[in-house]
Amino acid sequence: MIVFLDCGAHCGESILRAKAQFGKNIKIVSFEPIPYFAKEIDRIWEGDESVDIVNAAVWIRDGLDTFQVSTKITDGSSLIEEHGKGWQDEELAIEVNTVDFSKFLKQFKDKDFKLIVKFDIEGAEYQVLNKMINDETIGYVDEFWGEWHVPLTKEQEKCKTIIFEYFNKHNIQFKEWEQHIPTVGKAHPMLVERPKFLKDILC
């Protein structure tokens with residue numbers, strides 16, 4: 001069996017790909033901070049016990065945090081304030097639930113299945129992975145997939161150096177995962193269109 005942790009679900013495109021790529025014997029847990037997207041994805045997959053949707057952002061602590069939302073490029077929304085300058089809407093920031101991902105992983109310490117993690121969390125991957133290294137939960141993951149984003153702060157640069165050195169030392173691969181919004185399958189029309197009035201939906 002495979003457990004696929006989908007960090008940054010967006011419109012649910014990675015759920016479709018994971019099911020197609022890794023087979024039927026899979027459990028998917030998708031994290032999505034934007035309430036509208038999380039609600040719609042949950043509705044789409046309602047009744048499918050292999051998919052769980054968590055309306056929260058993957059981060060380094062449990063709680064609430066400010067999430068910068070872009071209505072122009074919704075998959076550019078981020079917990080990192082410096083990320084996406086120029087396409088995020090400065091006046092549109094929402095408070096979202098956050099999950100300490102390293103802490104979340106501790107439940108998988110003694111597992112008898114393959115654990116795959118996909119990161120597409122718009123720059124937050126540096127802090128999250130760094131904490132996983134410090135907490136030694138990074139060793140619970142069998143495969144990493146995702147996207148690296150340009151580090152924009154000194155903290156991110158420092159984390160990047162630590163992560164890359166760790167990955168090289170332990171021969172860990174971070175496989176590229178570039179998945180665009182689905183136009184077929186279980187995709188809600190409004191998700192495919194990337195709502196122009198996301199601000200109204202959020203409010």
# chains A, B, ... in the order shown; residues from 1 in each chain; ligands from 1
>>> residues_around(residues="A:Ala56", least_positions_apart="6", cutoff="6 Å", atoms="only C-alpha atoms", output="list in words")
Phe31, Glu32, Pro33, Asn97 and Thr98 of chain A
>>> closest_atom_pairs(of="stretch 77-142 of chain A", to="stretch 159-166 of chain A", cutoff="7 Å", atoms="only C-alpha atoms", output="JSON lines")
{"residue": "A:Tyr126", "atom": "CA", "partner": "A:Cys159", "partner_atom": "CA", "distance": 5.6}
{"residue": "A:Gln127", "atom": "CA", "partner": "A:Cys159", "partner_atom": "CA", "distance": 6.4}
{"residue": "A:Leu129", "atom": "CA", "partner": "A:Ile163", "partner_atom": "CA", "distance": 6.9}
{"residue": "A:Asn130", "atom": "CA", "partner": "A:Cys159", "partner_atom": "CA", "distance": 5.8}
>>> closest_residue(among="A:Val3, A:Val54, A:Tyr36, A:Glu143", to="A:Phe174", atoms="only C-alpha atoms")
A:Glu143
>>> select_by_dssp(residues="stretch 38-165 of chain A", states="strand (DSSP E or B)", output="VMD selection string")
chain A and resid 51 to 54 57 to 59 63 to 68 78 93 to 100 114 to 119 143 to 146
>>> closest_residue(among="A:Ala124, A:Val96, A:His10, A:Pro35", to="A:Leu64", atoms="only C-alpha atoms")
A:Val96
>>> closest_residue(among="A:Trp177, A:Phe22, A:Phe67, A:Phe104", to="A:Val128", atoms="only C-alpha atoms")
A:Phe104
>>> closest_residue(among="A:Phe119, A:Phe108, A:Asp6, A:Asn168", to="A:Glu147", atoms="only C-alpha atoms")
A:Phe119
>>> residues_around(residues="A:Lys19", least_positions_apart="2", cutoff="12 Å", atoms="only C-alpha atoms", output="MDAnalysis selection string")
chainID A and resid 2:4 6 12:17 21:29 48 50:51 185:186
>>> atom_distance(atom1="atom CA of A:Phe37", atom2="atom CA of A:Cys11")
6.1 Å
>>> closest_residue(among="A:Met1, A:Leu92, A:Ile121, A:Ile53", to="A:Glu40", atoms="only C-alpha atoms")
A:Ile53
>>> select_by_dssp(residues="stretch 7-171 of chain A", states="helix (DSSP H, G or I)", output="PyMOL selection string")
chain A and resi 13-22+35-44+74-76+101-108+125-135+138-140+154-169
>>> closest_residue(among="A:Trp59, A:Lys111, A:Glu176, A:Val99", to="A:Glu125", atoms="only C-alpha atoms")
A:Trp59
>>> atom_distance(atom1="atom CA of A:Leu5", atom2="atom CA of A:Thr153")
26.4 Å
